[in-house]
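Here the structure is laid out as structure tokens; the discussion comes afterwards.
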Protein chains: 2
Amino acid sequence: MAGMTELLSAARGDTPCDLVLKNGRIINTFTLEILESDVGIKDGVIAGTGEYEGIVEMDLGGAYVSPGFIESHFHIESTMLRPPELARLVVPRGTTCIVADPHEIANVAGIAGIEFFLSDSEKIPMDLYLTAPSCVPTTRFETAGARVNARDIKKLYRHRRVIGLGEVMNFPSVVKGASDTMKKIEASRGRPIDGHAPMLSGKNLCAYIAAGPRSDHECTSWQEALEKARLGMWIMVREGAEPGNMRKLVSIINEKNCGRFMLTSDDKPPDKLFNEGHMDFLLREAVRMGLESALSVRLVTLNPSQYFGFSSTGAVAPGYQADLVVFNDLKTFEVKKVFKSGQLVAENGSLTAETSHAIPRPSILDTVHLPKLNEDDLYIEFKKEKPRARVMEIIRGTILTGNRIEDVPVDKNGRFLFDPDNDLASVFVLERHTGSGRIGKGLVRGFGLKKGALASSLSHDSHNIVCVSSDSLSAFTAISCLASCGGGLCAAVGDRCAGLVELGICGLIHEKSYESLLESLGNLTKAVNDTGCEQSHPFFYLSFISLPVVPELKITDMGLFDVNAFGLVELEVGEGEFKV
Amino acid sequence: MAGMTELLSAARGDTPCDLVLKNGRIINTFTLEILESDVGIKDGVIAGTGEYEGIVEMDLGGAYVSPGFIESHFHIESTMLRPPELARLVVPRGTTCIVADPHEIANVAGIAGIEFFLSDSEKIPMDLYLTAPSCVPTTRFETAGARVNARDIKKLYRHRRVIGLGEVMNFPSVVKGASDTMKKIEASRGRPIDGHAPMLSGKNLCAYIAAGPRSDHECTSWQEALEKARLGMWIMVREGAEPGNMRKLVSIINEKNCGRFMLTSDDKPPDKLFNEGHMDFLLREAVRMGLESALSVRLVTLNPSQYFGFSSTGAVAPGYQADLVVFNDLKTFEVKKVFKSGQLVAENGSLTAETSHAIPRPSILDTVHLPKLNEDDLYIEFKKEKPRARVMEIIRGTILTGNRIEDVPVDKNGRFLFDPDNDLASVFVLERHTGSGRIGKGLVRGFGLKKGALASSLSHDSHNIVCVSSDSLSAFTAISCLASCGGGLCAAVGDRCAGLVELGICGLIHEKSYESLLESLGNLTKAVNDTGCEQSHPFFYLSFISLPVVPELKITDMGLFDVNAFGLVELEVGEGEFKV
């Protein structure tokens, strides 16, 4: 009730507003109209639209005014940025609210990781809400740093900014009604429950929806999206990291059904965020692909607000938060000014508001736990003289991998011989949470490595250390380098660390500014070029070869994983016992 | 979680559904499409759509299937029916959910009245939700039977079926930010808050919306509705008791904004409910006036569900309550079958489900408290020899009254003389809650009474006893008759009670069946004809001449009330002191 008297007085016009945006063209997300009007703001809230007077008046000269953009499905970890740095990057692009699923950091540090995001986002000019991660760990065939069970989820809901259940990726388990997963859903009744059900259709899709999840961001065709929308799912059209589905889905969005669609980024690397933009990019793309402008704006404002049950965002209307974005045209959506709760927080692409960072707890800065490592641990040995083995193949533009069986070259001791002509390299996944020393070993094609090694502590979803290498010394160097700095991305050649991006927070998040991160990433790219790597996004592909829920052959710290068979398999193929 | 395993098994098709509706055309409220599909139902919930098998299968032969109709704004008291009888009447017309504001019964019996509605609706095949009444009593210029303050409202919210704040009619007080009203709104934060703001516009409307209310059912023009919709109000298009606004508002409803509109009845007398129907009537009217059929259905299903934050009604989709309505065409919406939570509860216009009535507490059956009354109390005396007085004039088709000053005939003792040629009759409002003996007296034109008297304990909003009469004996008879039966509607001529509708519950609600009520009402109409009354709905107009918030001249137990001046005024006009 604090401030209500003053708000109503300003709304009535009895006292001046704090700030009035004059001469704007407001995008009305309720009626999909564009209407000329002032916006009167008092104590961070919209007092009214119409004609208002303010202590401060700002002439917008006919610019468009949109409600602040709401990102409905996001993983902060994909940006490798702390929340304040993320805000510095995206608030100037018009984002005033993000709902993020912290399942990466939760896989490393559990509740402590989630709490870090919450505390680090207390003083940023953007609303950051989290969903409680539903799938930590992702499978039992890998070693994560933490588990999040239904009881943890209930506890998380005590925090005002943890608002629902994060994408329930284990859809087979939901369809079956498996008890563990259903307990998490039951703990979330009455809250939004995000879905994730690629290719699920027909009766199994009905079962999935009946169980609880009411959104999906994994549609791969318009037919899939239409089926899901008809069955009551809110469809999140995704365009972040590749592959996006906007091009495939826009054709089915129309005025009748547009209340059920949103635009979202899901994962988006920091360089793309910097170069392309965030929700402004999605709007630009949507309009370019033929969606009407005001309708597109609704997909990133009122719709996510309604989906999450927010009562006062997503519209420019009395009583709503004065989260506003100003831009000059409805094609480029180039953002000129951003207001958060009535404060001008960004102008012409730069954040003008102050942000404040939390001090991370020591535990989340110390998450790479490897026992003493020897170069000798990083060979792959085969039993047979002419061994045949399973090989993962990167499929460009996807996070899928092929599963081939082929002859592999070995030396006289049976050790795998790097084969650049055949683009065949070693890959290792080192368990880094408990210090068990467990190493999964495999072979991969698709990196085009000529020499050296690439290693990363960012590897979905358990975020063990994954390393692709030409030789054991380079692998040893890259991994040791990550172990000593608390995690990150590294390229090494021989005993030389050629490039390093430090991700000291949980091995996922850069401690410093986004400029520092972008610079390190640039340097790393140069170093990667030194290794002869032909893959333009090697760390992206590296981070997904350990995700044991995306077909076909993956690798975890426990070994090779056949996703279709949903079980561990041996590297060497053949009769009898053998040892990797 | 109970039953989830079975629900998912049925959804997957592993076990048969309890019931499958085969061969239906489903109105998809998410996409506004009509799609051929089965509906599989398990334990009262929709397991899936598509092709399903069931223990029971019902061939719909191509009939349409809609989600159950939701009435978003209703006063049960206007039907004079108990909830189970209301259900008997409206469920066969397709209504499976009503959100009602019990402010009439609350004005008489306070929380006890609201609790009666809750207990009396525990076993009916319809969801009855209530809003907490926000304006009891309506003004301080009348005597109600109870007060409902912010603390009471908070207590009411402990009941699962009290879901939000009822129409905040005292809009001037909201606009001003008056503390009493704002406390009720604050107690309701996070819940739907219904508005009621006829003709409010511009800055004052902004203030009203900023304060909290997010719906309105009082628009009198499309311009008013459009302004309110643009400012974020959900617009309830109303067609119940006269005057409705559907004809005026349908023209602005389109595919872009249709997510913000609902159809509602507000007040609807039992004979109209019986003869016209309920939500089926609204659909019929909407389509007749040019709205598209599937869009119209959305206005009585998904939209109210979203407005109230219901998670599982308003659509035919997995996980939703199996509340379904079956009809053969999209013009007449003649309802053939109604399912509530998967049970067939009505067929071909008749309820097939059982209902159960609660036993009313003695206190709510004993609410007419008059001190011993004499015929002599029911005269109007003037001071002057040739008095001039204020006269209320009924304005047909509205609940407004005119305010005239004219000469009035008196006998030699200064007592008003009934003047049928001039259509001038006495009107009395007898305070009936506390036994104070207070009687407001006035003159009214518009009933066309030739003899006798009409009395009612149903008189907005305080529900004192209001009586229009030609002579004091008839008035005495009519009022005494109501006093002895606990309230109702009565027509008397001389010492004879010519017609009586007993409304024993709080003087508002008929204790028996709807058939009994309709029969009594029919008999009453005949009796009214005996009095020569020319007004076709005399008890409707009678019940509104005591409502001191609708212009222009009204009467309460405290006397005549000038609504524009918002104060009591004297009946006799002139210099000096006088006594009524």
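Note on naming: chains are A, B, ... as they come in the structure tokens, residues start from 1 per chain, ligands start from 1 in the order shown.
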
Kindly determine which residues of chain A lie within 6 Å of chain B, considering only C-alpha atoms, and give the answer as a ChimeraX atom specification.
/A:5,8,11-12,31,48,177,203-204,206-207,209-210,231,255-257,317-319

For the structure I just gave you, how does DSSP split stretch 329-430 of chain B - specifically, which residues are helix (DSSP H, G or I)? Reply as a list in words.
Pro362, Ser363, Ile364, Leu365, Glu375, Asp376, Asp377, Leu378, Pro420, Asp421 and Asn422 of chain B

Could the residues in this selection be written to a file with C-alpha atoms, as an mmCIF file, in the first residue's frame?
```cif
data_model
loop_
_atom_site.group_PDB
_atom_site.id
_atom_site.type_symbol
_atom_site.label_atom_id
_atom_site.label_comp_id
_atom_site.auth_asym_id
_atom_site.auth_seq_id
_atom_site.Cartn_x
_atom_site.Cartn_y
_atom_site.Cartn_z
ATOM 1 C CA PRO B 362 -31.832 -20.768 11.686
ATOM 2 C CA SER B 363 -30.270 -17.285 11.669
ATOM 3 C CA ILE B 364 -30.446 -16.914 7.910
ATOM 4 C CA LEU B 365 -34.076 -18.022 7.879
ATOM 5 C CA GLU B 375 -51.303 0.853 9.745
ATOM 6 C CA ASP B 376 -50.855 4.378 11.028
ATOM 7 C CA ASP B 377 -47.101 4.173 10.458
ATOM 8 C CA LEU B 378 -47.720 3.947 6.724
ATOM 9 C CA PRO B 420 -53.752 7.227 -9.663
ATOM 10 C CA ASP B 421 -54.619 9.658 -12.444
ATOM 11 C CA ASN B 422 -51.245 11.250 -11.963
#
```

Determine which residues of stretch 449-493 of chain A DSSP labels as strand (DSSP E or B) from the backbone of this structure, then write them out as a ChimeraX atom specification.
/A:453-456,465-469,488-493

Store the residues picked out above, limited to C-alpha atoms, as a PDB file, in the first residue's frame.
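For reference, out10.pdb as written:
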```
ATOM      1  CA  ALA A 453      44.203 -30.143 -27.548  1.00  0.00           C
ATOM      2  CA  LEU A 454      41.056 -28.305 -26.558  1.00  0.00           C
ATOM      3  CA  ALA A 455      39.602 -28.695 -23.075  1.00  0.00           C
ATOM      4  CA  SER A 456      36.528 -27.324 -21.366  1.00  0.00           C
ATOM      5  CA  ILE A 465      36.165 -31.700 -18.020  1.00  0.00           C
ATOM      6  CA  VAL A 466      36.005 -32.717 -21.628  1.00  0.00           C
ATOM      7  CA  CYS A 467      39.095 -32.682 -23.795  1.00  0.00           C
ATOM      8  CA  VAL A 468      39.690 -33.463 -27.445  1.00  0.00           C
ATOM      9  CA  SER A 469      43.323 -33.963 -28.266  1.00  0.00           C
ATOM     10  CA  GLY A 488      37.220 -22.549 -18.330  1.00  0.00           C
ATOM     11  CA  LEU A 489      38.048 -23.132 -21.955  1.00  0.00           C
ATOM     12  CA  CYS A 490      41.592 -23.878 -23.006  1.00  0.00           C
ATOM     13  CA  ALA A 491      43.630 -24.578 -26.147  1.00  0.00           C
ATOM     14  CA  ALA A 492      47.080 -26.077 -25.668  1.00  0.00           C
ATOM     15  CA  VAL A 493      49.811 -27.188 -27.976  1.00  0.00           C
TER      16      VAL A 493
END
```

If you count only C-alpha atoms, which residues fall within 12 Å of B:Val549, apart from same-chain ones fewer than 4 positions away, as a tab-separated table (two decimals) with N, CA, C and O atoms, in the first residue's frame?
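Saved result, out.tsv, follows:
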```
chain	number	residue	atom	x	y	z
B	135	CYS	N	-18.22	-4.15	-1.15
B	135	CYS	CA	-18.99	-2.94	-0.86
B	135	CYS	C	-20.20	-3.26	0.00
B	135	CYS	O	-21.34	-3.04	-0.41
B	137	PRO	N	-21.63	-2.38	3.79
B	137	PRO	CA	-22.77	-1.89	3.01
B	137	PRO	C	-22.33	-0.96	1.89
B	137	PRO	O	-21.18	-0.53	1.85
B	138	THR	N	-23.26	-0.69	1.00
B	138	THR	CA	-22.94	0.12	-0.17
B	138	THR	C	-22.63	1.56	0.22
B	138	THR	O	-21.67	2.14	-0.27
B	139	THR	N	-23.45	2.14	1.05
B	139	THR	CA	-23.20	3.52	1.50
B	139	THR	C	-23.50	3.61	3.00
B	139	THR	O	-24.06	2.68	3.59
B	140	ARG	N	-23.20	4.76	3.58
B	140	ARG	CA	-23.53	4.95	4.99
B	140	ARG	C	-24.90	5.59	5.13
B	140	ARG	O	-25.32	5.94	6.23
B	141	PHE	N	-25.62	5.72	4.04
B	141	PHE	CA	-26.92	6.37	4.07
B	141	PHE	C	-28.05	5.35	4.05
B	141	PHE	O	-29.15	5.62	3.59
B	142	GLU	N	-27.76	4.16	4.50
B	142	GLU	CA	-28.77	3.12	4.54
B	142	GLU	C	-28.34	2.13	5.63
B	142	GLU	O	-27.19	2.12	6.05
B	169	MET	N	-17.56	-1.47	-6.54
B	169	MET	CA	-18.53	-0.53	-7.10
B	169	MET	C	-18.30	0.89	-6.64
B	169	MET	O	-18.69	1.84	-7.32
B	170	ASN	N	-17.69	1.00	-5.49
B	170	ASN	CA	-17.49	2.35	-4.98
B	170	ASN	C	-16.28	2.97	-5.67
B	170	ASN	O	-15.24	3.23	-5.07
B	171	PHE	N	-16.42	3.22	-6.96
B	171	PHE	CA	-15.26	3.66	-7.73
B	171	PHE	C	-14.78	5.05	-7.33
B	171	PHE	O	-13.58	5.31	-7.37
B	172	PRO	N	-15.67	5.96	-6.89
B	172	PRO	CA	-15.12	7.26	-6.47
B	172	PRO	C	-14.15	7.10	-5.31
B	172	PRO	O	-13.11	7.75	-5.24
B	196	HIS	N	-16.05	-2.23	-11.43
B	196	HIS	CA	-17.42	-1.80	-11.76
B	196	HIS	C	-17.32	-0.29	-11.81
B	196	HIS	O	-17.33	0.36	-10.78
B	197	ALA	N	-17.17	0.24	-13.01
B	197	ALA	CA	-16.87	1.67	-13.11
B	197	ALA	C	-17.59	2.28	-14.29
B	197	ALA	O	-16.98	2.71	-15.26
B	198	PRO	N	-18.93	2.38	-14.20
B	198	PRO	CA	-19.68	2.90	-15.33
B	198	PRO	C	-19.25	4.32	-15.67
B	198	PRO	O	-19.12	5.15	-14.78
B	399	ILE	N	-32.23	1.41	-14.55
B	399	ILE	CA	-32.41	1.42	-13.09
B	399	ILE	C	-32.21	2.83	-12.57
B	399	ILE	O	-32.08	3.05	-11.37
B	400	LEU	N	-32.19	3.78	-13.48
B	400	LEU	CA	-32.13	5.19	-13.10
B	400	LEU	C	-33.52	5.66	-12.65
B	400	LEU	O	-34.52	5.04	-12.99
B	401	THR	N	-33.54	6.74	-11.89
B	401	THR	CA	-34.82	7.37	-11.54
B	401	THR	C	-34.69	8.87	-11.76
B	401	THR	O	-33.62	9.44	-11.50
B	460	HIS	N	-32.15	-3.56	-3.46
B	460	HIS	CA	-30.70	-3.30	-3.49
B	460	HIS	C	-30.33	-2.07	-2.68
B	460	HIS	O	-31.03	-1.11	-2.72
B	461	ASP	N	-29.16	-2.08	-2.11
B	461	ASP	CA	-28.30	-3.23	-1.83
B	461	ASP	C	-28.45	-3.70	-0.38
B	461	ASP	O	-27.86	-4.70	-0.01
B	462	SER	N	-29.24	-2.95	0.41
B	462	SER	CA	-29.34	-3.31	1.83
B	462	SER	C	-30.49	-4.28	2.11
B	462	SER	O	-30.57	-4.85	3.19
B	544	PHE	N	-34.83	-1.60	-7.17
B	544	PHE	CA	-33.72	-0.68	-7.45
B	544	PHE	C	-33.96	0.76	-6.99
B	544	PHE	O	-33.05	1.58	-7.06
B	545	ILE	N	-35.18	1.07	-6.54
B	545	ILE	CA	-35.39	2.47	-6.13
B	545	ILE	C	-34.73	2.76	-4.79
B	545	ILE	O	-34.66	3.90	-4.36
B	553	LEU	N	-32.72	10.17	-7.91
B	553	LEU	CA	-33.32	10.27	-6.57
B	553	LEU	C	-33.69	8.87	-6.09
B	553	LEU	O	-34.37	8.13	-6.80
B	554	LYS	N	-33.22	8.49	-4.91
B	554	LYS	CA	-33.48	7.14	-4.39
B	554	LYS	C	-34.01	7.26	-2.97
B	554	LYS	O	-34.03	8.35	-2.38
B	555	ILE	N	-34.40	6.12	-2.42
B	555	ILE	CA	-34.91	6.16	-1.05
B	555	ILE	C	-34.35	5.00	-0.24
B	555	ILE	O	-34.32	3.86	-0.72
B	556	THR	N	-33.87	5.29	0.95
B	556	THR	CA	-33.41	4.23	1.86
B	556	THR	C	-34.24	4.34	3.15
B	556	THR	O	-35.12	5.19	3.26
B	561	PHE	N	-32.73	10.12	-0.96
B	561	PHE	CA	-31.30	10.28	-1.18
B	561	PHE	C	-31.07	10.86	-2.58
B	561	PHE	O	-31.50	10.28	-3.58
B	562	ASP	N	-30.39	12.00	-2.61
B	562	ASP	CA	-30.04	12.63	-3.88
B	562	ASP	C	-28.67	12.10	-4.29
B	562	ASP	O	-27.64	12.41	-3.68
B	563	VAL	N	-28.64	11.25	-5.31
B	563	VAL	CA	-27.40	10.55	-5.65
B	563	VAL	C	-26.35	11.52	-6.17
B	563	VAL	O	-25.17	11.39	-5.83
B	564	ASN	N	-26.77	12.49	-6.96
B	564	ASN	CA	-25.78	13.43	-7.50
B	564	ASN	C	-25.14	14.26	-6.38
B	564	ASN	O	-23.93	14.49	-6.40
B	565	ALA	N	-25.96	14.68	-5.42
B	565	ALA	CA	-25.41	15.45	-4.29
B	565	ALA	C	-24.80	14.51	-3.26
B	565	ALA	O	-24.10	14.95	-2.34
B	566	PHE	N	-25.03	13.22	-3.41
B	566	PHE	CA	-24.61	12.16	-2.48
B	566	PHE	C	-24.93	12.51	-1.03
B	566	PHE	O	-24.07	12.50	-0.14
B	567	GLY	N	-26.24	12.81	-0.81
B	567	GLY	CA	-26.68	13.10	0.56
B	567	GLY	C	-28.18	12.95	0.67
B	567	GLY	O	-28.91	12.92	-0.33
```

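In this model, the gap between atom CA of A:Glu431 and atom CA of A:Leu370 comes to 7.4 Å.
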